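Colleague: So that you have it, the file is data-v9.txt, and it contains compact mmCIF, N, CA, C and O atoms:
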# COMPACT_ATOMS: atom_id res chain seq x y z
N MET I 1048 258.94 -86.52 -24.71
CA MET I 1048 258.20 -85.66 -23.80
C MET I 1048 258.93 -84.33 -23.66
O MET I 1048 260.12 -84.30 -23.35
N LYS I 1049 258.22 -83.29 -23.86
CA LYS I 1049 258.76 -81.95 -23.71
C LYS I 1049 258.23 -81.36 -22.41
O LYS I 1049 257.04 -81.47 -22.13
N VAL I 1050 259.09 -80.76 -21.62
CA VAL I 1050 258.67 -80.17 -20.35
C VAL I 1050 257.64 -79.07 -20.62
O VAL I 1050 257.87 -78.20 -21.46
N ASN I 1051 256.49 -79.15 -19.96
CA ASN I 1051 255.45 -78.15 -20.15
C ASN I 1051 254.96 -77.57 -18.82
O ASN I 1051 253.88 -77.02 -18.74
N GLN I 1052 255.77 -77.73 -17.77
CA GLN I 1052 255.42 -77.19 -16.47
C GLN I 1052 256.51 -76.24 -16.00
O GLN I 1052 257.70 -76.54 -16.12
N GLY I 1053 256.07 -75.13 -15.42
CA GLY I 1053 257.00 -74.18 -14.85
C GLY I 1053 257.48 -74.63 -13.48
O GLY I 1053 257.01 -75.62 -12.92
N LYS I 1054 258.44 -73.88 -12.94
CA LYS I 1054 259.05 -74.23 -11.65
C LYS I 1054 258.01 -74.32 -10.54
O LYS I 1054 257.96 -75.29 -9.80
N TRP I 1055 257.16 -73.30 -10.43
CA TRP I 1055 256.18 -73.28 -9.33
C TRP I 1055 255.12 -74.36 -9.50
O TRP I 1055 254.65 -74.95 -8.54
N ASP I 1056 254.74 -74.62 -10.73
CA ASP I 1056 253.77 -75.67 -11.01
C ASP I 1056 254.32 -77.02 -10.54
O ASP I 1056 253.61 -77.81 -9.90
N ARG I 1057 255.57 -77.26 -10.82
CA ARG I 1057 256.20 -78.52 -10.43
C ARG I 1057 256.31 -78.64 -8.91
O ARG I 1057 256.06 -79.70 -8.34
N ILE I 1058 256.70 -77.54 -8.25
CA ILE I 1058 256.83 -77.57 -6.79
C ILE I 1058 255.48 -77.85 -6.13
O ILE I 1058 255.38 -78.69 -5.23
N VAL I 1059 254.45 -77.17 -6.59
CA VAL I 1059 253.11 -77.37 -6.02
C VAL I 1059 252.64 -78.80 -6.24
O VAL I 1059 252.08 -79.43 -5.33
N ARG I 1060 252.88 -79.34 -7.41
CA ARG I 1060 252.46 -80.72 -7.70
C ARG I 1060 253.17 -81.72 -6.80
O ARG I 1060 252.55 -82.65 -6.30
N VAL I 1061 254.47 -81.56 -6.61
CA VAL I 1061 255.22 -82.50 -5.78
C VAL I 1061 254.74 -82.42 -4.33
O VAL I 1061 254.49 -83.44 -3.69
N VAL I 1062 254.60 -81.22 -3.80
CA VAL I 1062 254.16 -81.05 -2.41
C VAL I 1062 252.74 -81.59 -2.23
O VAL I 1062 252.47 -82.34 -1.28
N LEU I 1063 251.84 -81.23 -3.12
CA LEU I 1063 250.46 -81.71 -3.02
C LEU I 1063 250.40 -83.22 -3.20
O LEU I 1063 249.63 -83.91 -2.51
N GLY I 1064 251.23 -83.76 -4.08
CA GLY I 1064 251.29 -85.21 -4.26
C GLY I 1064 251.72 -85.92 -3.00
O GLY I 1064 251.15 -86.95 -2.62
N ILE I 1065 252.72 -85.38 -2.31
CA ILE I 1065 253.19 -85.97 -1.06
C ILE I 1065 252.10 -85.93 -0.01
O ILE I 1065 251.86 -86.92 0.71
N VAL I 1066 251.40 -84.80 0.09
CA VAL I 1066 250.33 -84.67 1.08
C VAL I 1066 249.22 -85.69 0.78
O VAL I 1066 248.72 -86.37 1.68
N LEU I 1067 248.81 -85.78 -0.48
CA LEU I 1067 247.74 -86.70 -0.85
C LEU I 1067 248.16 -88.16 -0.68
O LEU I 1067 247.33 -89.02 -0.39
N LEU I 1068 249.43 -88.46 -0.87
CA LEU I 1068 249.92 -89.81 -0.63
C LEU I 1068 249.95 -90.14 0.86
O LEU I 1068 249.72 -91.28 1.26
N TYR I 1069 250.24 -89.15 1.68
CA TYR I 1069 250.32 -89.38 3.12
C TYR I 1069 248.95 -89.72 3.72
O TYR I 1069 248.86 -90.54 4.64
N LEU I 1070 247.90 -89.10 3.20
CA LEU I 1070 246.57 -89.30 3.79
C LEU I 1070 246.16 -90.77 3.85
O LEU I 1070 245.82 -91.26 4.94
N PRO I 1071 246.20 -91.52 2.76
CA PRO I 1071 245.83 -92.93 2.89
C PRO I 1071 246.92 -93.79 3.54
O PRO I 1071 246.63 -94.72 4.29
N LEU I 1072 248.20 -93.47 3.26
CA LEU I 1072 249.27 -94.28 3.82
C LEU I 1072 249.43 -94.05 5.32
O LEU I 1072 249.87 -94.96 6.04
N GLY I 1073 249.09 -92.86 5.79
CA GLY I 1073 249.18 -92.55 7.21
C GLY I 1073 247.94 -92.95 7.99
O GLY I 1073 247.87 -92.76 9.20
N GLY I 1074 246.95 -93.47 7.31
CA GLY I 1074 245.74 -93.92 7.98
C GLY I 1074 244.75 -92.81 8.29
O GLY I 1074 243.81 -93.01 9.05
N VAL I 1075 244.95 -91.63 7.71
CA VAL I 1075 244.04 -90.51 7.95
C VAL I 1075 242.73 -90.71 7.20
O VAL I 1075 241.65 -90.44 7.72
N VAL I 1076 242.82 -91.20 5.97
CA VAL I 1076 241.65 -91.47 5.13
C VAL I 1076 241.72 -92.91 4.68
O VAL I 1076 242.77 -93.38 4.27
N ALA I 1077 240.58 -93.61 4.74
CA ALA I 1077 240.57 -95.02 4.34
C ALA I 1077 239.48 -95.26 3.30
O ALA I 1077 238.72 -94.36 2.96
N GLY I 1078 239.43 -96.47 2.81
CA GLY I 1078 238.39 -96.86 1.88
C GLY I 1078 238.62 -96.34 0.47
O GLY I 1078 239.75 -96.07 0.06
N THR I 1079 237.52 -96.19 -0.24
CA THR I 1079 237.57 -95.75 -1.63
C THR I 1079 238.19 -94.37 -1.76
O THR I 1079 239.00 -94.13 -2.66
N LEU I 1080 237.84 -93.46 -0.87
CA LEU I 1080 238.40 -92.11 -0.92
C LEU I 1080 239.91 -92.15 -0.74
O LEU I 1080 240.65 -91.43 -1.42
N GLY I 1081 240.39 -93.00 0.14
CA GLY I 1081 241.83 -93.14 0.34
C GLY I 1081 242.54 -93.64 -0.90
O GLY I 1081 243.62 -93.16 -1.25
N ILE I 1082 241.92 -94.59 -1.59
CA ILE I 1082 242.51 -95.12 -2.83
C ILE I 1082 242.55 -94.03 -3.90
O ILE I 1082 243.57 -93.85 -4.57
N VAL I 1083 241.46 -93.30 -4.05
CA VAL I 1083 241.40 -92.23 -5.06
C VAL I 1083 242.44 -91.15 -4.75
O VAL I 1083 243.17 -90.70 -5.64
N LEU I 1084 242.53 -90.73 -3.49
CA LEU I 1084 243.51 -89.71 -3.12
C LEU I 1084 244.93 -90.22 -3.34
O LEU I 1084 245.81 -89.46 -3.77
N GLY I 1085 245.17 -91.49 -3.08
CA GLY I 1085 246.49 -92.06 -3.31
C GLY I 1085 246.86 -92.05 -4.78
O GLY I 1085 247.99 -91.71 -5.15
N ILE I 1086 245.91 -92.40 -5.64
CA ILE I 1086 246.17 -92.41 -7.08
C ILE I 1086 246.44 -90.99 -7.58
O ILE I 1086 247.38 -90.76 -8.34
N VAL I 1087 245.61 -90.05 -7.15
CA VAL I 1087 245.81 -88.65 -7.56
C VAL I 1087 247.15 -88.14 -7.05
O VAL I 1087 247.88 -87.44 -7.75
N GLY I 1088 247.50 -88.53 -5.83
CA GLY I 1088 248.79 -88.14 -5.27
C GLY I 1088 249.96 -88.67 -6.07
O GLY I 1088 250.93 -87.95 -6.32
N VAL I 1089 249.89 -89.92 -6.51
CA VAL I 1089 250.95 -90.51 -7.32
C VAL I 1089 251.08 -89.77 -8.65
O VAL I 1089 252.18 -89.44 -9.09
N VAL I 1090 249.93 -89.50 -9.29
CA VAL I 1090 249.95 -88.80 -10.58
C VAL I 1090 250.56 -87.42 -10.43
O VAL I 1090 251.41 -87.01 -11.23
N LEU I 1091 250.13 -86.67 -9.42
CA LEU I 1091 250.68 -85.33 -9.20
C LEU I 1091 252.18 -85.39 -8.91
O LEU I 1091 252.96 -84.59 -9.44
N PHE I 1092 252.58 -86.32 -8.06
CA PHE I 1092 253.99 -86.43 -7.69
C PHE I 1092 254.86 -86.77 -8.90
O PHE I 1092 255.88 -86.13 -9.14
N VAL I 1093 254.44 -87.74 -9.69
CA VAL I 1093 255.23 -88.17 -10.85
C VAL I 1093 255.28 -87.07 -11.91
O VAL I 1093 256.35 -86.77 -12.45
N THR I 1094 254.14 -86.45 -12.21
CA THR I 1094 254.15 -85.39 -13.22
C THR I 1094 254.97 -84.19 -12.74
O THR I 1094 255.60 -83.51 -13.55
N GLY I 1095 254.97 -83.94 -11.45
CA GLY I 1095 255.79 -82.85 -10.91
C GLY I 1095 257.28 -83.15 -11.03
O GLY I 1095 258.07 -82.27 -11.34
N LEU I 1096 257.67 -84.39 -10.79
CA LEU I 1096 259.08 -84.76 -10.90
C LEU I 1096 259.55 -84.76 -12.35
O LEU I 1096 260.64 -84.29 -12.66
N VAL I 1097 258.71 -85.26 -13.24
CA VAL I 1097 259.08 -85.36 -14.65
C VAL I 1097 258.98 -84.02 -15.35
O VAL I 1097 259.75 -83.72 -16.25
N GLY I 1098 258.01 -83.20 -14.95
CA GLY I 1098 257.84 -81.89 -15.57
C GLY I 1098 256.94 -81.91 -16.79
O GLY I 1098 256.85 -80.93 -17.52
N PHE I 1099 256.27 -83.03 -17.01
CA PHE I 1099 255.39 -83.17 -18.17
C PHE I 1099 254.00 -83.58 -17.70
O PHE I 1099 253.84 -84.54 -16.95
N CYS I 1100 252.99 -82.84 -18.16
CA CYS I 1100 251.61 -83.15 -17.85
C CYS I 1100 250.88 -83.51 -19.15
O CYS I 1100 250.77 -82.66 -20.04
N PRO I 1101 250.40 -84.74 -19.28
CA PRO I 1101 249.70 -85.14 -20.50
C PRO I 1101 248.46 -84.30 -20.79
O PRO I 1101 248.16 -84.01 -21.94
N LEU I 1102 247.76 -83.88 -19.75
CA LEU I 1102 246.58 -83.04 -19.93
C LEU I 1102 246.97 -81.69 -20.52
O LEU I 1102 246.29 -81.18 -21.42
N TYR I 1103 248.06 -81.11 -20.04
CA TYR I 1103 248.55 -79.85 -20.60
C TYR I 1103 248.89 -80.04 -22.08
O TYR I 1103 248.61 -79.18 -22.90
N ALA I 1104 249.53 -81.16 -22.42
CA ALA I 1104 249.90 -81.43 -23.81
C ALA I 1104 248.65 -81.55 -24.68
O ALA I 1104 248.61 -81.04 -25.79
N LEU I 1105 247.65 -82.24 -24.17
CA LEU I 1105 246.40 -82.42 -24.92
C LEU I 1105 245.71 -81.09 -25.18
O LEU I 1105 245.18 -80.85 -26.26
N LEU I 1106 245.74 -80.21 -24.17
CA LEU I 1106 245.10 -78.90 -24.30
C LEU I 1106 246.03 -77.84 -24.89
O LEU I 1106 245.63 -76.67 -25.00
N LYS I 1107 247.26 -78.24 -25.25
CA LYS I 1107 248.27 -77.31 -25.79
C LYS I 1107 248.49 -76.12 -24.86
O LYS I 1107 248.47 -74.97 -25.26
N PHE I 1108 248.71 -76.43 -23.58
CA PHE I 1108 248.86 -75.45 -22.52
C PHE I 1108 250.22 -75.68 -21.87
O PHE I 1108 250.72 -76.79 -21.83
N SER I 1109 250.83 -74.62 -21.38
CA SER I 1109 252.11 -74.74 -20.71
C SER I 1109 252.24 -73.64 -19.65
O SER I 1109 251.81 -72.52 -19.87
N THR I 1110 252.83 -74.00 -18.52
CA THR I 1110 253.12 -73.01 -17.49
C THR I 1110 254.59 -72.64 -17.48
O THR I 1110 255.03 -71.83 -16.67
N LYS I 1111 255.36 -73.26 -18.38
CA LYS I 1111 256.78 -72.98 -18.48
C LYS I 1111 256.98 -71.68 -19.25
O LYS I 1111 256.37 -71.46 -20.30
N LYS I 1112 257.87 -70.84 -18.73
CA LYS I 1112 258.17 -69.59 -19.42
C LYS I 1112 258.94 -69.88 -20.70
O LYS I 1112 259.77 -70.77 -20.75
N ALA I 1113 258.66 -69.09 -21.70
CA ALA I 1113 259.29 -69.30 -23.03
C ALA I 1113 260.75 -69.00 -23.04
O ALA I 1113 261.36 -68.35 -22.33
Would you write the structure of this file as structure tokens?
Modeller:
Amino acid sequence: MKVNQGKWDRIVRVVLGIVLLYLPLGGVVAGTLGIVLGIVGVVLFVTGLVGFCPLYALLKFSTKKA
């Protein structure tokens, strides 16, 4: 895996992932929407920590400066 995310992209993903994870775990959103938000939150959080986005790789896109 080659890092394909820039610094700001990673920061935004981690913060947004934490927020989306809090919504279902904190009881703010429940049901199917809570599950979907939780899954999206996990994906954003993990890709932000790792610095690699499979969708970016598929589209041959990168936010990392050369």
Colleague: Would you list the contacts of I:Val1050 as a PDB file with N, CA, C and O atoms, keeping the file's coordinate frame, taking every protein, DNA or RNA residue within 7 Å and counting only C-alpha atoms, but skipping same-chain residues closer than 2 positions in sequence?
Modeller:
ATOM      1  N   MET I1048     258.940 -86.520 -24.710  1.00  0.00           N
ATOM      2  CA  MET I1048     258.200 -85.660 -23.800  1.00  0.00           C
ATOM      3  C   MET I1048     258.930 -84.330 -23.660  1.00  0.00           C
ATOM      4  O   MET I1048     260.120 -84.300 -23.350  1.00  0.00           O
ATOM      5  N   GLN I1052     255.770 -77.730 -17.770  1.00  0.00           N
ATOM      6  CA  GLN I1052     255.420 -77.190 -16.470  1.00  0.00           C
ATOM      7  C   GLN I1052     256.510 -76.240 -16.000  1.00  0.00           C
ATOM      8  O   GLN I1052     257.700 -76.540 -16.120  1.00  0.00           O
ATOM      9  N   GLY I1098     258.010 -83.200 -14.950  1.00  0.00           N
ATOM     10  CA  GLY I1098     257.840 -81.890 -15.570  1.00  0.00           C
ATOM     11  C   GLY I1098     256.940 -81.910 -16.790  1.00  0.00           C
ATOM     12  O   GLY I1098     256.850 -80.930 -17.520  1.00  0.00           O
ATOM     13  N   PHE I1099     256.270 -83.030 -17.010  1.00  0.00           N
ATOM     14  CA  PHE I1099     255.390 -83.170 -18.170  1.00  0.00           C
ATOM     15  C   PHE I1099     254.000 -83.580 -17.700  1.00  0.00           C
ATOM     16  O   PHE I1099     253.840 -84.540 -16.950  1.00  0.00           O
TER      17      PHE I1099
END
Colleague: Taking only N, CA, C and O atoms into account, name the residue in I:Val1062, I:Leu1067, I:Leu1105, I:Cys1100 that is nearest to I:Val1083.
Modeller: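 Among the listed residues, I:Leu1067 lies closest to I:Val1083.
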Colleague: Report, in Å with one decimal, the straight-line distance from atom CA of I:Ser1109 to atom O of I:Lys1049.
Modeller: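 One can read the atom CA of I:Ser1109 to atom O of I:Lys1049 distance as 8.5 Å.
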Colleague: Among chain I, which residues does DSSP mark as alpha helix (DSSP H) when it is run on the backbone? Keep the chain and numbering as in the structure and answer as a PyMOL selection string.
Modeller: chain I and resi 1054-1072+1078-1097+1101-1105
Colleague: Nearest to I:Gly1088 among I:Lys1112, I:Arg1060, I:Lys1054, I:Lys1107, with distances taken over all atoms listed in the file: which residue is it?
Modeller: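 Between I:Lys1112, I:Arg1060, I:Lys1054, I:Lys1107, the residue approaching I:Gly1088 most closely is I:Arg1060.
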Colleague: Could you work out how far atom CA of I:Leu1096 lies from atom CA of I:Thr1110, giving the answer in Å with one decimal?
Modeller: 14.7 Å
Colleague: Kindly give the distance, in Å, that separates atom CA of I:Leu1106 and atom N of I:Val1066, rounded to a single decimal.
Modeller: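 Answer for the atom CA of I:Leu1106 to atom N of I:Val1066 separation: 25.9 Å.
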Colleague: List as a PyMOL selection string the protein and nucleic acid residues near I:Gly1095, meaning an atom at most 7 Å away when only N, CA, C and O atoms are counted, but skip any in the same chain fewer than 2 places from it.
Modeller: chain I and resi 1053+1056-1061+1089-1093+1097-1099
Colleague: Using all atoms of stretch 1085-1102 of chain I listed in the file and a margin of 6 Å per side, can you give the axis-aligned box centre and edge lengths in Å to one decimal, as JSON?
Modeller:
{"center_x": 252.9, "center_y": -86.7, "center_z": -12.5, "size_x": 27.5, "size_y": 23.5, "size_z": 30.9}
Colleague: Got a sec to check which residues sit within 8 Å of (247.3, -92.8, 0.2), counting all atoms listed in the file, and write them as a JSON list (two decimals) with N, CA, C and O atoms, in the coordinates of the input?
Modeller:
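Written output follows (out.json):
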[["chain", "number", "residue", "atom", "x", "y", "z"],
["I", 1064, "GLY", "N", 251.23, -83.76, -4.08],
["I", 1064, "GLY", "CA", 251.29, -85.21, -4.26],
["I", 1064, "GLY", "C", 251.72, -85.92, -3.00],
["I", 1064, "GLY", "O", 251.15, -86.95, -2.62],
["I", 1065, "ILE", "N", 252.72, -85.38, -2.31],
["I", 1065, "ILE", "CA", 253.19, -85.97, -1.06],
["I", 1065, "ILE", "C", 252.10, -85.93, -0.01],
["I", 1065, "ILE", "O", 251.86, -86.92, 0.71],
["I", 1066, "VAL", "N", 251.40, -84.80, 0.09],
["I", 1066, "VAL", "CA", 250.33, -84.67, 1.08],
["I", 1066, "VAL", "C", 249.22, -85.69, 0.78],
["I", 1066, "VAL", "O", 248.72, -86.37, 1.68],
["I", 1067, "LEU", "N", 248.81, -85.78, -0.48],
["I", 1067, "LEU", "CA", 247.74, -86.70, -0.85],
["I", 1067, "LEU", "C", 248.16, -88.16, -0.68],
["I", 1067, "LEU", "O", 247.33, -89.02, -0.39],
["I", 1068, "LEU", "N", 249.43, -88.46, -0.87],
["I", 1068, "LEU", "CA", 249.92, -89.81, -0.63],
["I", 1068, "LEU", "C", 249.95, -90.14, 0.86],
["I", 1068, "LEU", "O", 249.72, -91.28, 1.26],
["I", 1069, "TYR", "N", 250.24, -89.15, 1.68],
["I", 1069, "TYR", "CA", 250.32, -89.38, 3.12],
["I", 1069, "TYR", "C", 248.95, -89.72, 3.72],
["I", 1069, "TYR", "O", 248.86, -90.54, 4.64],
["I", 1070, "LEU", "N", 247.90, -89.10, 3.20],
["I", 1070, "LEU", "CA", 246.57, -89.30, 3.79],
["I", 1070, "LEU", "C", 246.16, -90.77, 3.85],
["I", 1070, "LEU", "O", 245.82, -91.26, 4.94],
["I", 1071, "PRO", "N", 246.20, -91.52, 2.76],
["I", 1071, "PRO", "CA", 245.83, -92.93, 2.89],
["I", 1071, "PRO", "C", 246.92, -93.79, 3.54],
["I", 1071, "PRO", "O", 246.63, -94.72, 4.29],
["I", 1072, "LEU", "N", 248.20, -93.47, 3.26],
["I", 1072, "LEU", "CA", 249.27, -94.28, 3.82],
["I", 1072, "LEU", "C", 249.43, -94.05, 5.32],
["I", 1072, "LEU", "O", 249.87, -94.96, 6.04],
["I", 1073, "GLY", "N", 249.09, -92.86, 5.79],
["I", 1073, "GLY", "CA", 249.18, -92.55, 7.21],
["I", 1073, "GLY", "C", 247.94, -92.95, 7.99],
["I", 1073, "GLY", "O", 247.87, -92.76, 9.20],
["I", 1074, "GLY", "N", 246.95, -93.47, 7.31],
["I", 1074, "GLY", "CA", 245.74, -93.92, 7.98],
["I", 1074, "GLY", "C", 244.75, -92.81, 8.29],
["I", 1074, "GLY", "O", 243.81, -93.01, 9.05],
["I", 1075, "VAL", "N", 244.95, -91.63, 7.71],
["I", 1075, "VAL", "CA", 244.04, -90.51, 7.95],
["I", 1075, "VAL", "C", 242.73, -90.71, 7.20],
["I", 1075, "VAL", "O", 241.65, -90.44, 7.72],
["I", 1076, "VAL", "N", 242.82, -91.20, 5.97],
["I", 1076, "VAL", "CA", 241.65, -91.47, 5.13],
["I", 1076, "VAL", "C", 241.72, -92.91, 4.68],
["I", 1076, "VAL", "O", 242.77, -93.38, 4.27],
["I", 1080, "LEU", "N", 237.84, -93.46, -0.87],
["I", 1080, "LEU", "CA", 238.40, -92.11, -0.92],
["I", 1080, "LEU", "C", 239.91, -92.15, -0.74],
["I", 1080, "LEU", "O", 240.65, -91.43, -1.42],
["I", 1081, "GLY", "N", 240.39, -93.00, 0.14],
["I", 1081, "GLY", "CA", 241.83, -93.14, 0.34],
["I", 1081, "GLY", "C", 242.54, -93.64, -0.90],
["I", 1081, "GLY", "O", 243.62, -93.16, -1.25],
["I", 1082, "ILE", "N", 241.92, -94.59, -1.59],
["I", 1082, "ILE", "CA", 242.51, -95.12, -2.83],
["I", 1082, "ILE", "C", 242.55, -94.03, -3.90],
["I", 1082, "ILE", "O", 243.57, -93.85, -4.57],
["I", 1083, "VAL", "N", 241.46, -93.30, -4.05],
["I", 1083, "VAL", "CA", 241.40, -92.23, -5.06],
["I", 1083, "VAL", "C", 242.44, -91.15, -4.75],
["I", 1083, "VAL", "O", 243.17, -90.70, -5.64],
["I", 1084, "LEU", "N", 242.53, -90.73, -3.49],
["I", 1084, "LEU", "CA", 243.51, -89.71, -3.12],
["I", 1084, "LEU", "C", 244.93, -90.22, -3.34],
["I", 1084, "LEU", "O", 245.81, -89.46, -3.77],
["I", 1085, "GLY", "N", 245.17, -91.49, -3.08],
["I", 1085, "GLY", "CA", 246.49, -92.06, -3.31],
["I", 1085, "GLY", "C", 246.86, -92.05, -4.78],
["I", 1085, "GLY", "O", 247.99, -91.71, -5.15],
["I", 1086, "ILE", "N", 245.91, -92.40, -5.64],
["I", 1086, "ILE", "CA", 246.17, -92.41, -7.08],
["I", 1086, "ILE", "C", 246.44, -90.99, -7.58],
["I", 1086, "ILE", "O", 247.38, -90.76, -8.34],
["I", 1088, "GLY", "N", 247.50, -88.53, -5.83],
["I", 1088, "GLY", "CA", 248.79, -88.14, -5.27],
["I", 1088, "GLY", "C", 249.96, -88.67, -6.07],
["I", 1088, "GLY", "O", 250.93, -87.95, -6.32],
["I", 1089, "VAL", "N", 249.89, -89.92, -6.51],
["I", 1089, "VAL", "CA", 250.95, -90.51, -7.32],
["I", 1089, "VAL", "C", 251.08, -89.77, -8.65],
["I", 1089, "VAL", "O", 252.18, -89.44, -9.09]]
